[in-house]
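Data block for run24.cif (mmCIF, C-alpha atoms and all ligand atoms):
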```
data_data
loop_
_atom_site.group_PDB
_atom_site.id
_atom_site.type_symbol
_atom_site.label_atom_id
_atom_site.label_comp_id
_atom_site.auth_asym_id
_atom_site.auth_seq_id
_atom_site.Cartn_x
_atom_site.Cartn_y
_atom_site.Cartn_z
ATOM 1 C CA MET Z 1 -17.072 33.960 0.658
ATOM 2 C CA LYS Z 2 -16.234 31.641 -2.254
ATOM 3 C CA ILE Z 3 -14.611 28.544 -0.803
ATOM 4 C CA ALA Z 4 -13.412 25.702 -3.034
ATOM 5 C CA VAL Z 5 -12.118 22.275 -2.130
ATOM 6 C CA PHE Z 6 -9.449 20.685 -4.315
ATOM 7 C CA PRO Z 7 -9.680 17.026 -3.290
ATOM 8 C CA GLY Z 8 -7.231 14.310 -4.223
ATOM 9 C CA SER Z 9 -4.684 11.781 -3.043
ATOM 10 C CA PHE Z 10 -1.687 13.989 -3.841
ATOM 11 C CA ASP Z 11 0.619 10.968 -3.630
ATOM 12 C CA PRO Z 12 2.721 13.053 -4.218
ATOM 13 C CA ILE Z 13 1.665 16.596 -5.164
ATOM 14 C CA THR Z 14 3.016 17.393 -8.654
ATOM 15 C CA THR Z 15 3.765 20.561 -10.610
ATOM 16 C CA GLY Z 16 0.489 19.813 -12.451
ATOM 17 C CA HIS Z 17 -1.511 20.160 -9.213
ATOM 18 C CA VAL Z 18 0.430 23.305 -8.275
ATOM 19 C CA ASP Z 19 -0.260 24.959 -11.624
ATOM 20 C CA LEU Z 20 -3.955 24.165 -11.338
ATOM 21 C CA VAL Z 21 -4.256 25.685 -7.847
ATOM 22 C CA LYS Z 22 -2.355 28.823 -8.898
ATOM 23 C CA ARG Z 23 -4.680 29.328 -11.851
ATOM 24 C CA ALA Z 24 -7.737 28.835 -9.636
ATOM 25 C CA LEU Z 25 -6.641 31.278 -6.910
ATOM 26 C CA PRO Z 26 -8.134 34.398 -8.580
ATOM 27 C CA LEU Z 27 -11.509 32.631 -8.779
ATOM 28 C CA PHE Z 28 -11.925 31.874 -5.060
ATOM 29 C CA ASP Z 29 -11.449 33.504 -1.656
ATOM 30 C CA LYS Z 30 -10.094 30.278 -0.202
ATOM 31 C CA ILE Z 31 -8.973 26.953 -1.610
ATOM 32 C CA TYR Z 32 -8.806 23.921 0.677
ATOM 33 C CA ILE Z 33 -6.372 21.402 -0.755
ATOM 34 C CA ALA Z 34 -7.768 18.330 0.965
ATOM 35 C CA ILE Z 35 -6.360 14.824 0.964
ATOM 36 C CA GLY Z 36 -9.133 12.241 0.862
ATOM 37 C CA VAL Z 37 -8.189 9.318 3.085
ATOM 38 C CA ASN Z 38 -9.404 5.911 1.991
ATOM 39 C CA SER Z 39 -8.474 3.205 4.501
ATOM 40 C CA GLN Z 40 -8.722 0.503 1.778
ATOM 41 C CA LYS Z 41 -6.183 2.225 -0.449
ATOM 42 C CA LYS Z 42 -2.415 1.732 -0.303
ATOM 43 C CA TYR Z 43 -0.364 4.895 -0.641
ATOM 44 C CA LEU Z 44 3.308 5.273 -1.503
ATOM 45 C CA ASN Z 45 3.761 8.223 0.869
ATOM 46 C CA ASP Z 46 2.097 8.472 4.282
ATOM 47 C CA LEU Z 47 -0.560 11.083 5.000
ATOM 48 C CA ASP Z 48 1.608 13.341 7.186
ATOM 49 C CA THR Z 49 4.316 13.513 4.542
ATOM 50 C CA ARG Z 50 1.825 14.312 1.788
ATOM 51 C CA LEU Z 51 0.230 17.031 3.937
ATOM 52 C CA ARG Z 52 3.615 18.536 4.788
ATOM 53 C CA TRP Z 53 4.678 18.672 1.112
ATOM 54 C CA ILE Z 54 1.505 20.570 0.192
ATOM 55 C CA LYS Z 55 1.824 22.928 3.183
ATOM 56 C CA GLU Z 56 5.437 23.751 2.307
ATOM 57 C CA THR Z 57 4.586 24.281 -1.350
ATOM 58 C CA PHE Z 58 1.854 26.818 -0.506
ATOM 59 C CA ALA Z 59 3.431 28.283 2.652
ATOM 60 C CA ASN Z 60 3.332 31.811 1.209
ATOM 61 C CA GLU Z 61 -0.187 31.582 -0.152
ATOM 62 C CA GLU Z 62 -2.692 32.976 2.355
ATOM 63 C CA LYS Z 63 -5.732 31.761 0.440
ATOM 64 C CA VAL Z 64 -4.662 28.110 0.642
ATOM 65 C CA VAL Z 65 -5.601 25.797 3.522
ATOM 66 C CA VAL Z 66 -4.255 22.232 3.638
ATOM 67 C CA ASP Z 67 -6.343 19.537 5.266
ATOM 68 C CA SER Z 68 -7.425 15.895 5.082
ATOM 69 C CA PHE Z 69 -10.777 14.152 5.391
ATOM 70 C CA GLU Z 70 -12.346 10.714 5.501
ATOM 71 C CA LYS Z 71 -15.479 9.465 3.780
ATOM 72 C CA LEU Z 72 -17.493 11.588 1.342
ATOM 73 C CA THR Z 73 -15.989 14.689 -0.266
ATOM 74 C CA ALA Z 74 -19.465 16.267 -0.458
ATOM 75 C CA HIS Z 75 -19.961 15.938 3.303
ATOM 76 C CA TYR Z 76 -16.534 17.420 3.965
ATOM 77 C CA CYS Z 77 -17.487 20.410 1.786
ATOM 78 C CA GLN Z 78 -20.709 20.905 3.751
ATOM 79 C CA ARG Z 79 -18.799 20.746 7.019
ATOM 80 C CA ILE Z 80 -16.377 23.525 6.090
ATOM 81 C CA GLY Z 81 -18.920 25.594 4.149
ATOM 82 C CA ALA Z 82 -17.466 25.074 0.663
ATOM 83 C CA ARG Z 83 -19.885 25.369 -2.268
ATOM 84 C CA TYR Z 84 -17.307 24.573 -4.975
ATOM 85 C CA LEU Z 85 -15.073 21.685 -5.904
ATOM 86 C CA LEU Z 86 -11.988 22.221 -8.040
ATOM 87 C CA ARG Z 87 -10.806 19.500 -10.418
ATOM 88 C CA GLY Z 88 -8.401 19.337 -13.329
ATOM 89 C CA LEU Z 89 -9.019 17.822 -16.737
ATOM 90 C CA ARG Z 90 -6.055 16.443 -18.651
ATOM 91 C CA ASN Z 91 -7.761 14.326 -21.277
ATOM 92 C CA ALA Z 92 -10.949 12.529 -22.291
ATOM 93 C CA SER Z 93 -10.598 9.772 -19.695
ATOM 94 C CA ASP Z 94 -10.380 12.405 -16.939
ATOM 95 C CA PHE Z 95 -13.569 13.877 -18.386
ATOM 96 C CA ASP Z 96 -15.487 10.587 -18.418
ATOM 97 C CA TYR Z 97 -14.556 9.852 -14.839
ATOM 98 C CA GLU Z 98 -15.057 13.388 -13.542
ATOM 99 C CA LYS Z 99 -18.435 13.832 -15.204
ATOM 100 C CA THR Z 100 -20.015 11.051 -13.162
ATOM 101 C CA ILE Z 101 -18.352 12.102 -9.902
ATOM 102 C CA SER Z 102 -19.400 15.705 -10.444
ATOM 103 C CA GLN Z 103 -23.041 14.753 -11.068
ATOM 104 C CA LEU Z 104 -22.979 12.567 -7.983
ATOM 105 C CA ASN Z 105 -21.527 15.376 -5.867
ATOM 106 C CA ASP Z 106 -24.226 17.722 -7.131
ATOM 107 C CA ILE Z 107 -26.850 15.350 -5.731
ATOM 108 C CA VAL Z 108 -25.089 14.244 -2.532
ATOM 109 C CA GLY Z 109 -23.771 17.758 -1.869
ATOM 110 C CA GLY Z 110 -27.081 19.552 -2.490
ATOM 111 C CA GLY Z 111 -25.932 21.670 -5.433
ATOM 112 C CA LEU Z 112 -22.212 21.446 -4.819
ATOM 113 C CA GLU Z 113 -20.694 22.911 -8.008
ATOM 114 C CA THR Z 114 -17.564 21.439 -9.605
ATOM 115 C CA VAL Z 115 -15.308 23.889 -11.418
ATOM 116 C CA PHE Z 116 -13.022 22.268 -13.988
ATOM 117 C CA LEU Z 117 -9.849 23.749 -15.346
ATOM 118 C CA ILE Z 118 -8.283 22.167 -18.423
ATOM 119 C CA SER Z 119 -4.631 21.504 -17.693
ATOM 120 C CA ARG Z 120 -2.029 23.538 -19.536
ATOM 121 C CA PRO Z 121 -0.330 21.556 -22.343
ATOM 122 C CA ALA Z 122 2.955 21.622 -20.414
ATOM 123 C CA TYR Z 123 1.321 19.708 -17.548
ATOM 124 C CA SER Z 124 -1.243 17.472 -19.195
ATOM 125 C CA HIS Z 125 1.065 14.411 -19.240
ATOM 126 C CA ILE Z 126 1.870 14.653 -15.518
ATOM 127 C CA SER Z 127 0.135 12.421 -13.003
ATOM 128 C CA SER Z 128 0.979 11.209 -9.509
ATOM 129 C CA THR Z 129 0.725 7.645 -10.861
ATOM 130 C CA ILE Z 130 3.457 8.272 -13.460
ATOM 131 C CA VAL Z 131 5.610 10.027 -10.856
ATOM 132 C CA ARG Z 132 5.286 7.046 -8.477
ATOM 133 C CA GLU Z 133 6.287 4.647 -11.260
ATOM 134 C CA ILE Z 134 9.366 6.736 -12.105
ATOM 135 C CA ILE Z 135 10.391 6.923 -8.436
ATOM 136 C CA LYS Z 136 9.870 3.197 -7.876
ATOM 137 C CA GLY Z 137 11.907 2.459 -10.997
ATOM 138 C CA GLY Z 138 14.749 4.663 -9.809
ATOM 139 C CA GLY Z 139 14.245 7.280 -12.554
ATOM 140 C CA ASP Z 140 14.365 11.062 -12.455
ATOM 141 C CA ALA Z 141 10.966 12.645 -11.759
ATOM 142 C CA SER Z 142 12.393 16.045 -10.800
ATOM 143 C CA SER Z 143 10.683 18.007 -13.566
ATOM 144 C CA PHE Z 144 7.268 16.855 -12.284
ATOM 145 C CA LEU Z 145 7.731 17.721 -8.625
ATOM 146 C CA PRO Z 146 7.636 20.935 -6.564
ATOM 147 C CA GLU Z 147 10.716 21.876 -4.505
ATOM 148 C CA ALA Z 148 9.249 20.658 -1.182
ATOM 149 C CA VAL Z 149 8.925 17.105 -2.539
ATOM 150 C CA LEU Z 150 12.219 17.170 -4.448
ATOM 151 C CA LYS Z 151 14.316 17.859 -1.397
ATOM 152 C CA ASP Z 152 12.943 14.725 0.302
ATOM 153 C CA ILE Z 153 13.053 12.291 -2.618
HETATM 154 P P1 LIG Z 201 -7.286 11.390 -7.303
HETATM 155 O O1 LIG Z 201 -6.782 10.411 -6.311
HETATM 156 O O2 LIG Z 201 -8.636 11.968 -7.013
HETATM 157 O O3 LIG Z 201 -7.112 10.990 -8.751
HETATM 158 P P2 LIG Z 201 -5.051 13.115 -7.749
HETATM 159 O O4 LIG Z 201 -4.166 13.581 -6.653
HETATM 160 O O5 LIG Z 201 -4.475 12.149 -8.726
HETATM 161 O O6 LIG Z 201 -6.338 12.599 -7.050
HETATM 162 O O7 LIG Z 201 -5.624 14.351 -8.561
HETATM 163 C C1 LIG Z 201 -6.413 15.339 -7.974
HETATM 164 C C2 LIG Z 201 -6.917 16.311 -9.038
HETATM 165 O O8 LIG Z 201 -5.818 16.929 -9.678
HETATM 166 C C3 LIG Z 201 -7.746 15.686 -10.151
HETATM 167 O O9 LIG Z 201 -8.813 16.575 -10.468
HETATM 168 C C4 LIG Z 201 -6.804 15.628 -11.303
HETATM 169 O O10 LIG Z 201 -7.508 15.710 -12.536
HETATM 170 C C5 LIG Z 201 -5.991 16.861 -11.080
HETATM 171 N N1 LIG Z 201 -4.691 16.752 -11.703
HETATM 172 C C6 LIG Z 201 -3.767 15.804 -11.491
HETATM 173 N N2 LIG Z 201 -2.676 15.994 -12.256
HETATM 174 C C7 LIG Z 201 -2.925 17.109 -12.987
HETATM 175 C C8 LIG Z 201 -2.204 17.818 -13.996
HETATM 176 N N3 LIG Z 201 -1.022 17.387 -14.404
HETATM 177 N N4 LIG Z 201 -2.770 18.921 -14.524
HETATM 178 C C9 LIG Z 201 -3.992 19.321 -14.119
HETATM 179 N N5 LIG Z 201 -4.731 18.696 -13.200
HETATM 180 C C10 LIG Z 201 -4.206 17.600 -12.634
#
```

Please go through the file and, once you have read it, give me the structure as structure tokens.
Ligand code: ADP
Amino acid sequence: MKIAVFPGSFDPITTGHVDLVKRALPLFDKIYIAIGVNSQKKYLNDLDTRLRWIKETFANEEKVVVDSFEKLTAHYCQRIGARYLLRGLRNASDFDYEKTISQLNDIVGGGLETVFLISRPAYSHISSTIVREIIKGGGDASSFLPEAVLKDI
């Protein structure tokens, strides 16, 4: 069984994340979209809300499981029996950051393999950070957000 974990903050989940998961579905038997909880970090949306938005977005997708975890992503993967991590690459700075994390996870996770998908051009400018800035500034972020988030914001 090919199980992948797509880890992130998803604060909030964007159409960029959704597109990435949809493209990865044919590659895996199960994808855990897992919110990494860092007690030091301040989030705009609380964990339960972020989880609910992801669950609603993928309600009709049997291969998707939505979960959260604390501490190391690699240990979470071992716990649930996932041998693959899924990450998206939008640009060169994503690559620089992801390269190091991926090599680290290979070591800490005992051969945990990261699968990268390059984002589609239509989504490569979308990030949760940008979406949060637009929302805080009172702007319209509707084209970056899935329906489940839109109806709440
Ligand atoms: P993190 O807190 O780890 O940065 P994010 O929720 O911002 O988590 O992102 C999780 C993953 O989703 C990362 O691999 C990121 O590259 C990917 N991602 C985010 N936005 C997009 C997008 N617009 N297109 C493709 N991948 C994306």

Using the chain letters and numbering of this document, enumerate as JSON, numbers by chain the residues selected by the PyMOL selection byres (((chain Z and resi 13) around 8) and not hetatm).
{"Z": [10, 11, 12, 14, 15, 17, 18, 50, 53, 54, 128, 145, 146, 149]}

Box dimensions and centre (Å, one decimal) enclosing ligand LIG 201 (chain Z), axis-aligned, 5 Å extra per side, as lines of an AutoDock Vina configuration file:
```
center_x = -4.9
center_y = 14.9
center_z = -10.4
size_x = 17.8
size_y = 18.9
size_z = 18.2
```

Selected residue of minimal separation from Thr49 in chain Z among Z:Thr73, Z:Ser9, Z:Ser93, Z:Asn105, counting only C-alpha atoms:
Z:Ser9

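Of note, CA of Ser119 in chain Z and CA of Ser39 in chain Z are spaced 29.0 Å apart.
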
Kindly give the distance, in Å, that separates CA of Tyr32 in chain Z and CA of Gly8 in chain Z, rounded to a single decimal.
10.9 Å

Just want the residues within 9 Å of ligand LIG 201 (chain Z), written as a PyMOL selection string, counting all atoms listed in the file.
chain Z and resi 6-21+35-36+86-91+94-95+98+116-129+144

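Minimum atom-to-atom distance to Tyr43 in chain Z, evaluated using only C-alpha atoms, belongs to Z:Arg132 out of Z:Arg132, Z:Leu27, Z:Val5, Z:Ala59.
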
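Comparing the minimum interatomic distances between Asn38 in chain Z and each of Z:Lys151, Z:Thr57, Z:Glu70, Z:Lys63, counting only C-alpha atoms, we find that Z:Glu70 sits nearest.
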
Please write the residues picked by the PyMOL selection byres (((chain Z and resi 31) around 12) and not hetatm) on this file as a PyMOL selection string.
chain Z and resi 1-7+20-30+32-34+58+61-67+77+80-87

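Against the coordinates shown, the PyMOL selection byres (((chain Z and resi 74) around 9) and not hetatm) returns Lys71, Leu72, Thr73, His75, Tyr76, Cys77, Gln78, Arg79, Leu85, Asn105, Asp106, Val108, Gly109, Gly110 and Leu112 of chain Z.
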
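The space between CA of Tyr97 in chain Z and CA of Leu44 in chain Z spans 22.8 Å.
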
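Compared by their closest atoms to Leu150 in chain Z, and using only C-alpha atoms, the residues Z:Leu47, Z:Phe69, Z:Glu56, Z:Ile101 rank with Z:Glu56 nearest.
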
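In this comparison, which uses all atoms listed in the file, the residue of Z:Ile134, Z:Val115, Z:Ala141, Z:Ala148 approaching Leu51 in chain Z most closely is Z:Ala148.
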
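Remark: for Val37 in chain Z, the closest of the candidate residues Z:Gln103, Z:Ser68, Z:Thr114, Z:Ser143 is Z:Ser68 (distances computed over all atoms listed in the file).
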